[in-house]
file protein-v4.txt (compact mmCIF, C-alpha atoms)
# COMPACT_ATOMS: atom_id res chain seq x y z
CA MET A 3 19.09 -16.94 16.90
CA LEU A 4 17.37 -16.01 20.16
CA LYS A 5 18.48 -12.39 19.90
CA TYR A 6 17.30 -12.23 16.31
CA SER A 7 13.90 -13.67 17.31
CA PHE A 8 13.45 -11.07 20.05
CA LYS A 9 14.36 -8.32 17.61
CA ARG A 10 11.80 -9.55 15.08
CA VAL A 11 9.14 -9.81 17.81
CA ALA A 12 9.81 -6.18 18.76
CA GLN A 13 9.60 -5.08 15.12
CA SER A 14 6.34 -6.99 14.68
CA ALA A 15 4.86 -5.39 17.79
CA VAL A 16 5.74 -1.89 16.54
CA THR A 17 4.23 -2.65 13.11
CA LEU A 18 1.02 -3.95 14.71
CA PHE A 19 0.80 -0.86 16.91
CA ILE A 20 1.15 1.45 13.90
CA VAL A 21 -1.47 -0.41 11.85
CA VAL A 22 -4.06 -0.55 14.64
CA THR A 23 -3.46 3.08 15.62
CA PHE A 24 -3.79 4.24 12.02
CA VAL A 25 -7.11 2.41 11.57
CA PHE A 26 -8.31 3.73 14.94
CA LEU A 27 -7.68 7.32 13.85
CA LEU A 28 -9.23 6.81 10.40
CA MET A 29 -12.44 5.52 11.97
CA ARG A 30 -12.65 8.75 14.01
CA LEU A 31 -12.63 10.81 10.79
CA LEU A 32 -15.88 9.25 9.54
CA PRO A 33 -19.12 11.30 9.84
CA VAL A 34 -20.86 10.81 13.19
CA GLU A 35 -24.18 10.13 11.44
CA GLY A 36 -23.02 6.59 10.75
CA TYR A 37 -22.95 5.77 14.45
CA PHE A 38 -26.71 6.20 14.69
CA GLY A 39 -27.93 4.36 11.58
CA ASP A 40 -31.54 5.23 10.85
CA ARG A 41 -31.99 6.74 14.33
CA TYR A 42 -30.05 9.93 13.57
CA ASP A 43 -33.00 12.05 12.42
CA LYS A 44 -35.19 10.70 15.23
CA LEU A 45 -32.91 11.94 18.02
CA THR A 46 -32.48 15.46 19.32
CA ALA A 47 -29.07 17.14 19.40
CA SER A 48 -28.73 16.50 23.14
CA GLN A 49 -29.66 12.83 22.71
CA ARG A 50 -27.08 12.42 19.94
CA GLU A 51 -24.46 14.08 22.11
CA ALA A 52 -25.31 11.73 24.99
CA VAL A 53 -24.87 8.69 22.72
CA LEU A 54 -21.52 9.96 21.45
CA HIS A 55 -20.43 10.68 25.01
CA LYS A 56 -21.35 7.14 26.06
CA MET A 57 -19.24 5.78 23.21
CA GLY A 58 -16.35 7.98 24.31
CA LEU A 59 -16.24 9.73 20.94
CA LEU A 60 -16.31 13.22 22.44
CA ASP A 61 -13.00 12.72 24.25
CA PRO A 62 -9.73 13.89 22.62
CA TRP A 63 -8.27 11.29 20.24
CA TYR A 64 -5.29 10.58 22.49
CA VAL A 65 -7.61 9.86 25.42
CA GLN A 66 -9.67 7.50 23.26
CA ILE A 67 -6.68 5.55 21.95
CA GLY A 68 -5.11 5.46 25.42
CA GLY A 69 -8.28 3.93 26.81
CA PHE A 70 -8.39 1.42 23.94
CA TYR A 71 -4.87 0.13 24.61
CA GLU A 72 -5.46 0.10 28.36
CA ARG A 73 -8.48 -2.16 27.89
CA LEU A 74 -6.56 -4.25 25.37
CA MET A 75 -3.81 -4.92 27.91
CA ARG A 76 -6.51 -6.39 30.16
CA GLY A 77 -7.73 -8.63 27.35
CA ASP A 78 -10.86 -6.55 26.77
CA LEU A 79 -11.62 -6.03 23.07
CA GLY A 80 -14.45 -3.67 23.89
CA THR A 81 -18.21 -3.76 23.44
CA SER A 82 -20.11 -3.61 20.18
CA SER A 83 -21.84 -0.25 19.87
CA ILE A 84 -24.02 -0.83 16.81
CA TYR A 85 -23.77 -4.32 15.27
CA ARG A 86 -24.93 -6.04 18.49
CA GLN A 87 -25.36 -3.23 20.95
CA ASP A 88 -23.76 -3.67 24.39
CA ILE A 89 -22.53 -7.20 23.59
CA PRO A 90 -18.79 -7.90 24.17
CA VAL A 91 -16.83 -7.97 20.92
CA ALA A 92 -15.15 -11.26 21.84
CA GLU A 93 -18.57 -12.87 22.25
CA VAL A 94 -19.61 -11.72 18.76
CA ILE A 95 -16.40 -12.84 17.05
CA ALA A 96 -15.88 -16.20 18.80
CA PRO A 97 -18.59 -18.19 16.92
CA ARG A 98 -17.25 -16.93 13.57
CA ILE A 99 -13.63 -17.93 14.02
CA PRO A 100 -14.18 -21.68 13.30
CA TYR A 101 -15.66 -20.91 9.86
CA SER A 102 -12.70 -18.76 8.79
CA VAL A 103 -10.20 -21.27 10.19
CA TYR A 104 -11.90 -24.26 8.55
CA PHE A 105 -12.10 -22.72 5.09
CA GLY A 106 -8.61 -21.32 5.47
CA LEU A 107 -7.12 -24.71 6.31
CA VAL A 108 -8.96 -26.51 3.50
CA ALA A 109 -8.04 -23.83 0.96
CA THR A 110 -4.43 -23.91 2.15
CA ALA A 111 -4.23 -27.68 1.71
CA ILE A 112 -5.67 -27.44 -1.81
CA SER A 113 -3.33 -24.56 -2.68
CA LEU A 114 -0.22 -26.31 -1.41
CA VAL A 115 -0.87 -29.66 -3.08
CA ALA A 116 -2.13 -28.30 -6.40
CA GLY A 117 0.19 -25.28 -6.55
CA LEU A 118 3.43 -27.09 -5.76
CA ALA A 119 2.57 -29.95 -8.10
CA MET A 120 1.75 -27.47 -10.84
CA GLY A 121 5.01 -25.59 -10.26
CA VAL A 122 7.06 -28.78 -10.46
CA HIS A 123 5.24 -29.79 -13.64
CA MET A 124 5.89 -26.36 -15.19
CA ALA A 125 9.60 -26.49 -14.35
CA ARG A 126 10.02 -30.00 -15.76
CA HIS A 127 8.30 -28.98 -19.00
CA LYS A 128 9.75 -25.48 -19.28
CA GLY A 129 8.84 -23.80 -22.57
CA ARG A 130 6.52 -26.62 -23.64
CA PHE A 131 2.76 -27.02 -23.80
CA TRP A 132 2.00 -27.61 -20.11
CA ASP A 133 4.31 -24.83 -18.97
CA ARG A 134 2.54 -22.38 -21.28
CA THR A 135 -0.89 -23.66 -20.21
CA TRP A 136 -0.30 -23.30 -16.48
CA THR A 137 1.47 -19.97 -17.02
CA ALA A 138 -1.68 -18.75 -18.79
CA TYR A 139 -3.68 -19.78 -15.71
CA VAL A 140 -1.31 -17.86 -13.41
CA VAL A 141 -1.47 -14.77 -15.63
CA PHE A 142 -5.27 -14.98 -15.76
CA ILE A 143 -5.60 -15.18 -11.96
CA ASN A 144 -3.27 -12.22 -11.46
CA ALA A 145 -4.58 -10.07 -14.31
CA VAL A 146 -8.35 -10.50 -14.06
CA PRO A 147 -10.07 -8.72 -11.14
CA LEU A 148 -10.96 -11.06 -8.31
CA ALA A 149 -14.64 -10.16 -8.38
CA VAL A 150 -14.96 -11.06 -12.05
CA TYR A 151 -13.78 -14.66 -12.02
CA LEU A 152 -15.23 -15.42 -8.58
CA LEU A 153 -18.68 -14.29 -9.71
CA PHE A 154 -18.25 -16.36 -12.86
CA ILE A 155 -17.38 -19.43 -10.75
CA GLN A 156 -20.29 -18.88 -8.40
CA LEU A 157 -22.88 -18.40 -11.14
CA TYR A 158 -21.74 -20.94 -13.73
CA GLY A 159 -19.82 -23.36 -11.52
CA SER A 160 -22.90 -23.99 -9.42
CA ASP A 161 -24.89 -24.89 -12.56
CA LEU A 162 -22.21 -27.01 -14.24
CA LEU A 163 -21.30 -28.90 -11.06
CA ALA A 164 -24.80 -28.90 -9.56
CA LEU A 165 -23.53 -27.26 -6.37
CA PRO A 166 -25.38 -24.82 -4.07
CA ILE A 167 -24.73 -21.18 -4.83
CA LEU A 168 -24.62 -20.12 -1.16
CA PHE A 169 -23.06 -21.61 1.97
CA ASP A 170 -25.22 -23.76 4.24
CA LYS A 171 -23.58 -25.21 7.34
CA HIS A 172 -26.00 -28.15 7.27
CA ARG A 173 -25.04 -29.10 3.68
CA PRO A 174 -21.34 -29.99 3.33
CA ILE A 175 -21.71 -30.01 -0.46
CA SER A 176 -22.19 -26.22 -0.28
CA TRP A 177 -18.68 -25.85 1.16
CA ILE A 178 -16.97 -26.99 -2.06
CA LEU A 179 -17.26 -23.85 -4.20
CA PRO A 180 -16.10 -21.43 -1.45
CA ALA A 181 -13.08 -23.60 -0.62
CA LEU A 182 -12.10 -23.91 -4.28
CA SER A 183 -12.60 -20.19 -4.87
CA MET A 184 -10.46 -19.36 -1.85
CA SER A 185 -7.62 -21.57 -3.09
CA LEU A 186 -7.31 -20.26 -6.67
CA ALA A 187 -4.98 -17.36 -5.90
CA GLY A 188 -2.87 -19.57 -3.62
CA ILE A 189 -2.48 -22.20 -6.33
CA ALA A 190 -1.24 -19.58 -8.79
CA GLY A 191 1.16 -18.11 -6.25
CA TYR A 192 2.69 -21.41 -5.14
CA ALA A 193 2.97 -22.64 -8.74
CA MET A 194 4.81 -19.53 -9.89
CA TRP A 195 7.18 -19.50 -6.93
CA MET A 196 7.93 -23.21 -7.25
CA ARG A 197 8.57 -22.93 -10.97
CA ARG A 198 10.86 -19.96 -10.50
CA PHE A 199 12.95 -21.59 -7.79
CA MET A 200 13.19 -24.91 -9.59
CA VAL A 201 14.24 -23.29 -12.85
CA ASP A 202 16.91 -21.38 -10.94
CA GLU A 203 18.15 -24.59 -9.32
CA LEU A 204 18.21 -26.48 -12.63
CA ASN A 205 20.85 -24.08 -13.90
CA ARG A 206 23.17 -24.63 -10.94
CA ASP A 207 26.54 -26.29 -11.33
CA TYR A 208 25.73 -29.06 -8.85
CA VAL A 209 22.82 -30.18 -11.07
CA LYS A 210 25.09 -30.37 -14.10
CA LEU A 211 27.59 -32.35 -12.02
CA ALA A 212 24.90 -34.75 -10.81
CA ARG A 213 23.80 -35.38 -14.40
CA ALA A 214 27.41 -35.86 -15.47
CA LYS A 215 27.73 -38.55 -12.79
CA GLY A 216 24.91 -40.46 -14.44
CA LEU A 217 21.97 -39.66 -12.14
CA SER A 218 18.59 -39.89 -13.84
CA SER A 219 16.47 -36.78 -14.36
CA SER A 220 13.97 -37.99 -11.75
CA ALA A 221 16.70 -38.53 -9.16
CA VAL A 222 18.18 -35.10 -9.82
CA MET A 223 14.73 -33.51 -9.50
CA VAL A 224 13.73 -35.24 -6.25
CA LYS A 225 17.03 -35.45 -4.39
CA HIS A 226 18.53 -32.12 -5.39
CA VAL A 227 16.39 -29.60 -7.24
CA MET A 228 13.09 -29.96 -5.37
CA ARG A 229 14.83 -30.26 -2.03
CA ASN A 230 16.73 -27.01 -2.51
CA ALA A 231 13.78 -25.22 -4.11
CA TYR A 232 11.72 -25.70 -0.94
CA VAL A 233 14.25 -23.75 1.16
CA PRO A 234 13.50 -20.20 -0.15
CA MET A 235 9.78 -21.02 -0.24
CA ALA A 236 9.87 -21.56 3.53
CA GLN A 237 9.94 -17.79 3.94
CA TYR A 238 6.65 -17.32 2.09
CA LEU A 239 4.65 -20.36 3.13
CA PRO A 240 3.68 -19.25 6.68
CA ALA A 241 2.53 -15.82 5.51
CA ALA A 242 0.49 -17.37 2.70
CA ILE A 243 -0.99 -20.04 4.97
CA LEU A 244 -1.96 -17.65 7.74
CA ALA A 245 -3.35 -15.15 5.25
CA THR A 246 -5.54 -17.88 3.81
CA ILE A 247 -6.67 -18.97 7.28
CA SER A 248 -7.74 -15.42 8.03
CA GLY A 249 -10.23 -15.95 5.21
CA SER A 250 -11.03 -14.01 2.11
CA ILE A 251 -13.22 -11.04 2.96
CA TYR A 252 -14.81 -10.97 -0.46
CA ILE A 253 -15.39 -14.73 -0.70
CA GLU A 254 -17.02 -14.96 2.72
CA SER A 255 -19.35 -12.12 1.76
CA LEU A 256 -20.01 -13.61 -1.68
CA TYR A 257 -21.04 -17.02 -0.36
CA SER A 258 -22.68 -15.71 2.85
CA ILE A 259 -20.20 -17.53 5.07
CA PRO A 260 -20.61 -16.36 8.70
CA GLY A 261 -16.87 -15.89 9.20
CA MET A 262 -14.72 -12.96 10.30
CA GLY A 263 -14.18 -11.61 6.78
CA GLY A 264 -17.82 -10.95 6.04
CA LEU A 265 -18.26 -9.54 9.54
CA LEU A 266 -15.50 -6.99 8.94
CA VAL A 267 -17.26 -5.65 5.84
CA ASP A 268 -20.54 -5.35 7.76
CA VAL A 269 -19.14 -3.53 10.81
CA ILE A 270 -17.14 -1.09 8.65
CA GLN A 271 -20.34 -0.13 6.85
CA ARG A 272 -22.09 0.34 10.19
CA GLN A 273 -19.16 2.25 11.74
CA ASP A 274 -19.02 -0.04 14.75
CA ASN A 275 -15.60 1.16 15.94
CA PRO A 276 -14.91 -1.46 18.63
CA MET A 277 -15.74 -4.29 16.23
CA VAL A 278 -13.60 -2.83 13.43
CA GLN A 279 -10.65 -2.28 15.77
CA ALA A 280 -10.84 -5.84 17.14
CA LEU A 281 -11.06 -7.44 13.69
CA VAL A 282 -8.26 -5.30 12.26
CA LEU A 283 -6.16 -6.30 15.27
CA ILE A 284 -6.84 -9.99 14.60
CA PHE A 285 -6.19 -9.82 10.84
CA SER A 286 -3.06 -7.71 11.30
CA SER A 287 -1.74 -10.06 13.97
CA ILE A 288 -2.22 -13.03 11.66
CA GLY A 289 -0.39 -11.34 8.80
CA ILE A 290 2.51 -10.14 10.95
CA LEU A 291 2.79 -13.53 12.65
CA GLY A 292 3.05 -15.14 9.22
CA LEU A 293 5.90 -12.85 8.19
CA PHE A 294 7.69 -13.51 11.47
CA LEU A 295 7.38 -17.30 11.13
CA GLY A 296 8.59 -17.04 7.54
CA ASP A 297 11.79 -15.29 8.62
CA ILE A 298 12.40 -17.83 11.39
CA LEU A 299 11.81 -20.81 9.09
CA MET A 300 14.07 -19.32 6.44
CA ALA A 301 16.84 -18.90 9.01
CA LEU A 302 16.40 -22.45 10.30
CA PHE A 303 16.20 -24.22 6.94
CA ASP A 304 18.85 -22.34 4.99
CA PRO A 305 22.35 -23.18 6.29
CA ARG A 306 23.80 -20.25 4.33
CA ILE A 307 22.14 -17.75 6.69
CA LYS A 308 24.36 -16.69 9.56
CA PHE A 309 23.62 -14.40 12.47
CA VAL A 310 26.02 -11.59 13.20
CA LYS A 311 26.51 -11.36 16.93
CA SER A 312 27.14 -7.62 17.03
CA GLU A 313 23.98 -6.75 15.11
CA GLY A 314 21.75 -9.71 15.91
CA ALA A 315 20.72 -9.91 12.27
CA ARG A 316 21.31 -12.29 9.43

call {"tool": "encode", "arguments": {"input": "protein-v4.txt", "output": "structure tokens"}}
result
Amino acid sequence: MLKYSFKRVAQSAVTLFIVVTFVFLLMRLLPVEGYFGDRYDKLTASQREAVLHKMGLLDPWYVQIGGFYERLMRGDLGTSSIYRQDIPVAEVIAPRIPYSVYFGLVATAISLVAGLAMGVHMARHKGRFWDRTWTAYVVFINAVPLAVYLLFIQLYGSDLLALPILFDKHRPISWILPALSMSLAGIAGYAMWMRRFMVDELNRDYVKLARAKGLSSSAVMVKHVMRNAYVPMAQYLPAAILATISGSIYIESLYSIPGMGGLLVDVIQRQDNPMVQALVLIFSSIGILGLFLGDILMALFDPRIKFVKSEGAR
């Protein structure tokens, strides 16, 4: 188990390095005009060159990325060059983290409770009215573009429920619509996974044997089917939870939530390289950590998984 964990940590580190490096190089391909905003036409060629030199953008790409990782090893995420000029990136991001974490945790709780309950209900009523109804919801969430139904919820949900249309940290009632919007995809995902696993378990021989022994349908569901259905879901729960905590970029922008998601959109538009690199590093780390925890939980919870000593893999 320990050897397997170290191997997965190494794989995760390599994946994170590739993602961050790729984004780093892509940002260097953007036109240099974006680094100046509306000042570009007001500066002379020598002044523009001096600004680019100060940012380190005139150095070869391998020198730039080497300097980035050297600073990163010291815990330095860099300094904002445009969004908040000459302010440390960590200082800009720190106040926004609580918003993304709060909405992520609330949305995760809603998704887990509602999604798993919906999945159980669908499996118990397979092929009947409620199964078809919730399946229609899942299909709708996956088929309709995110922007369409989220805009619909924001515009009409605020009127029907008498809720504020934009986030206000001083009005807790304005937090309801963003949290619900952020949980919709999670509910659909958990419901579909739970239904699938439970339907698979219902067809197992041990379920037929339990029923033959006289156990009630409720007892079979709770003690056997649901218990075993949670095991494969353990692999996906951490990734889904951590992805939700990282916050929805579109939803934070839509409701004007001052979290990390909306900030990422803003700094990409402004070509603030240090800010983009730091945020991509954070979001990528969250996603990779979720996948890693999913593999570990799957290995711990499923007794059928064995580790081969010679390969250190399951």

call {"tool": "atom_distance", "arguments": {"input": "protein-v4.txt", "atom1": "atom CA of A:Leu152", "atom2": "atom CA of A:Ser183"}}
result
6.6 Å

call {"tool": "axis_aligned_box", "arguments": {"input": "protein-v4.txt", "around": "stretch 279-292 of chain A", "padding_each_side": "6 Å", "output": "JSON"}}
result
{"center_x": -4.0, "center_y": -8.7, "center_z": 13.0, "size_x": 26.1, "size_y": 24.9, "size_z": 20.3}

call {"tool": "atom_distance", "arguments": {"input": "protein-v4.txt", "atom1": "atom CA of A:Leu182", "atom2": "atom CA of A:Arg229"}}
result
27.8 Å

call {"tool": "atom_distance", "arguments": {"input": "protein-v4.txt", "atom1": "atom CA of A:Tyr71", "atom2": "atom CA of A:Glu35"}}
result
25.4 Å

call {"tool": "residues_around", "arguments": {"input": "protein-v4.txt", "residues": "A:Arg10", "least_positions_apart": "4", "cutoff": "7 Å", "atoms": "all atoms listed in the file", "output": "NGL selection string"}}
result
:A and (6 or 14 or 294)

call {"tool": "write_last_selection", "arguments": {"input": "protein-v4.txt", "atoms": "C-alpha atoms", "output": "compact mmCIF listing (two decimals), keeping the file's coordinate frame"}}
result
# COMPACT_ATOMS: atom_id res chain seq x y z
CA TYR A 6 17.30 -12.23 16.31
CA SER A 14 6.34 -6.99 14.68
CA PHE A 294 7.69 -13.51 11.47

call {"tool": "closest_residue", "arguments": {"input": "protein-v4.txt", "among": "A:Ala187, A:Arg50, A:Arg272, A:Ser160", "to": "A:Ala145", "atoms": "all atoms listed in the file"}}
result
A:Ala187

call {"tool": "closest_residue", "arguments": {"input": "protein-v4.txt", "among": "A:Leu204, A:Met228, A:Ala92, A:Ile290", "to": "A:Phe19", "atoms": "only C-alpha atoms"}}
result
A:Ile290

call {"tool": "residues_around", "arguments": {"input": "protein-v4.txt", "residues": "A:Ala109", "least_positions_apart": "6", "cutoff": "7 Å", "atoms": "only C-alpha atoms", "output": "CSV table (one decimal) with C-alpha atoms, in the coordinates of the input"}}
result
chain,number,residue,atom,x,y,z
A,181,ALA,CA,-13.1,-23.6,-0.6
A,182,LEU,CA,-12.1,-23.9,-4.3
A,184,MET,CA,-10.5,-19.4,-1.8
A,185,SER,CA,-7.6,-21.6,-3.1

call {"tool": "residues_around", "arguments": {"input": "protein-v4.txt", "residues": "A:Val22", "least_positions_apart": "4", "cutoff": "10 Å", "atoms": "only C-alpha atoms", "output": "VMD selection string"}}
result
chain A and resid 17 to 18 26 to 28 67 278 to 284 286 to 287

call {"tool": "closest_residue", "arguments": {"input": "protein-v4.txt", "among": "A:Leu118, A:Val201, A:Ile270, A:Ile253", "to": "A:Leu239", "atoms": "only C-alpha atoms"}}
result
A:Leu118

call {"tool": "closest_residue", "arguments": {"input": "protein-v4.txt", "among": "A:Asp78, A:Pro33, A:Arg126, A:Ile288", "to": "A:Ser219", "atoms": "all atoms listed in the file"}}
result
A:Arg126

call {"tool": "residues_around", "arguments": {"input": "protein-v4.txt", "residues": "stretch 161-174 of chain A", "least_positions_apart": "3", "cutoff": "7 Å", "atoms": "all atoms listed in the file", "output": "PDB file with C-alpha atoms, in the coordinates of the input"}}
result
ATOM      1  CA  GLN A 156     -20.290 -18.880  -8.400  1.00  0.00           C
ATOM      2  CA  LEU A 157     -22.880 -18.400 -11.140  1.00  0.00           C
ATOM      3  CA  TYR A 158     -21.740 -20.940 -13.730  1.00  0.00           C
ATOM      4  CA  TRP A 177     -18.680 -25.850   1.160  1.00  0.00           C
ATOM      5  CA  TYR A 257     -21.040 -17.020  -0.360  1.00  0.00           C
ATOM      6  CA  SER A 258     -22.680 -15.710   2.850  1.00  0.00           C
ATOM      7  CA  ILE A 259     -20.200 -17.530   5.070  1.00  0.00           C
TER       8      ILE A 259
END

call {"tool": "closest_residue", "arguments": {"input": "protein-v4.txt", "among": "A:Val21, A:Ala221, A:Met120, A:Ile178", "to": "A:Asp133", "atoms": "all atoms listed in the file"}}
result
A:Met120

call {"tool": "closest_residue", "arguments": {"input": "protein-v4.txt", "among": "A:Leu266, A:Leu153, A:Ala12, A:Phe199", "to": "A:Ala125", "atoms": "all atoms listed in the file"}}
result
A:Phe199

call {"tool": "residues_around", "arguments": {"input": "protein-v4.txt", "residues": "A:Pro276", "least_positions_apart": "2", "cutoff": "10 Å", "atoms": "all atoms listed in the file", "output": "MDAnalysis selection string"}}
result
chainID A and resid 26 29 57 70 79:85 90:91 269 273:274 278:282

call {"tool": "decode", "arguments": {"input": "protein-v4.txt", "residues": "stretch 76-91 of chain A", "atoms": "N, CA and C atoms", "output": "JSON list (two decimals), in the first residue's frame"}}
result
[["chain", "number", "residue", "atom", "x", "y", "z"],
["A", 76, "ARG", "N", 10.54, 27.85, -3.49],
["A", 76, "ARG", "CA", 10.71, 28.68, -2.30],
["A", 76, "ARG", "C", 9.37, 29.14, -1.73],
["A", 77, "GLY", "N", 8.26, 28.69, -2.36],
["A", 77, "GLY", "CA", 6.95, 29.08, -1.89],
["A", 77, "GLY", "C", 6.49, 30.43, -2.42],
["A", 78, "ASP", "N", 7.17, 30.94, -3.43],
["A", 78, "ASP", "CA", 6.85, 32.24, -4.01],
["A", 78, "ASP", "C", 6.03, 32.03, -5.28],
["A", 79, "LEU", "N", 4.77, 32.45, -5.26],
["A", 79, "LEU", "CA", 3.89, 32.31, -6.42],
["A", 79, "LEU", "C", 4.06, 33.44, -7.42],
["A", 80, "GLY", "N", 4.92, 34.38, -7.11],
["A", 80, "GLY", "CA", 5.16, 35.48, -8.02],
["A", 80, "GLY", "C", 4.42, 36.75, -7.63],
["A", 81, "THR", "N", 4.51, 37.74, -8.47],
["A", 81, "THR", "CA", 3.90, 39.05, -8.24],
["A", 81, "THR", "C", 2.98, 39.41, -9.39],
["A", 82, "SER", "N", 1.81, 39.89, -9.08],
["A", 82, "SER", "CA", 0.87, 40.28, -10.11],
["A", 82, "SER", "C", 1.45, 41.41, -10.95],
["A", 83, "SER", "N", 1.37, 41.25, -12.27],
["A", 83, "SER", "CA", 1.96, 42.26, -13.15],
["A", 83, "SER", "C", 0.94, 43.25, -13.70],
["A", 84, "ILE", "N", -0.34, 42.86, -13.70],
["A", 84, "ILE", "CA", -1.36, 43.72, -14.31],
["A", 84, "ILE", "C", -2.56, 43.88, -13.39],
["A", 85, "TYR", "N", -3.13, 42.77, -12.92],
["A", 85, "TYR", "CA", -4.37, 42.81, -12.16],
["A", 85, "TYR", "C", -4.24, 43.72, -10.94],
["A", 86, "ARG", "N", -3.21, 43.48, -10.12],
["A", 86, "ARG", "CA", -2.87, 44.38, -9.01],
["A", 86, "ARG", "C", -1.35, 44.51, -9.04],
["A", 87, "GLN", "N", -0.88, 45.47, -9.77],
["A", 87, "GLN", "CA", 0.52, 45.58, -10.10],
["A", 87, "GLN", "C", 1.42, 45.62, -8.87],
["A", 88, "ASP", "N", 2.46, 44.74, -8.92],
["A", 88, "ASP", "CA", 3.50, 44.66, -7.89],
["A", 88, "ASP", "C", 2.98, 44.15, -6.54],
["A", 89, "ILE", "N", 1.82, 43.53, -6.52],
["A", 89, "ILE", "CA", 1.28, 42.92, -5.29],
["A", 89, "ILE", "C", 1.51, 41.40, -5.38],
["A", 90, "PRO", "N", 2.01, 40.77, -4.31],
["A", 90, "PRO", "CA", 2.23, 39.31, -4.35],
["A", 90, "PRO", "C", 0.95, 38.56, -4.70],
["A", 91, "VAL", "N", 1.10, 37.54, -5.53],
["A", 91, "VAL", "CA", -0.05, 36.76, -5.97],
["A", 91, "VAL", "C", -0.78, 36.13, -4.79]]
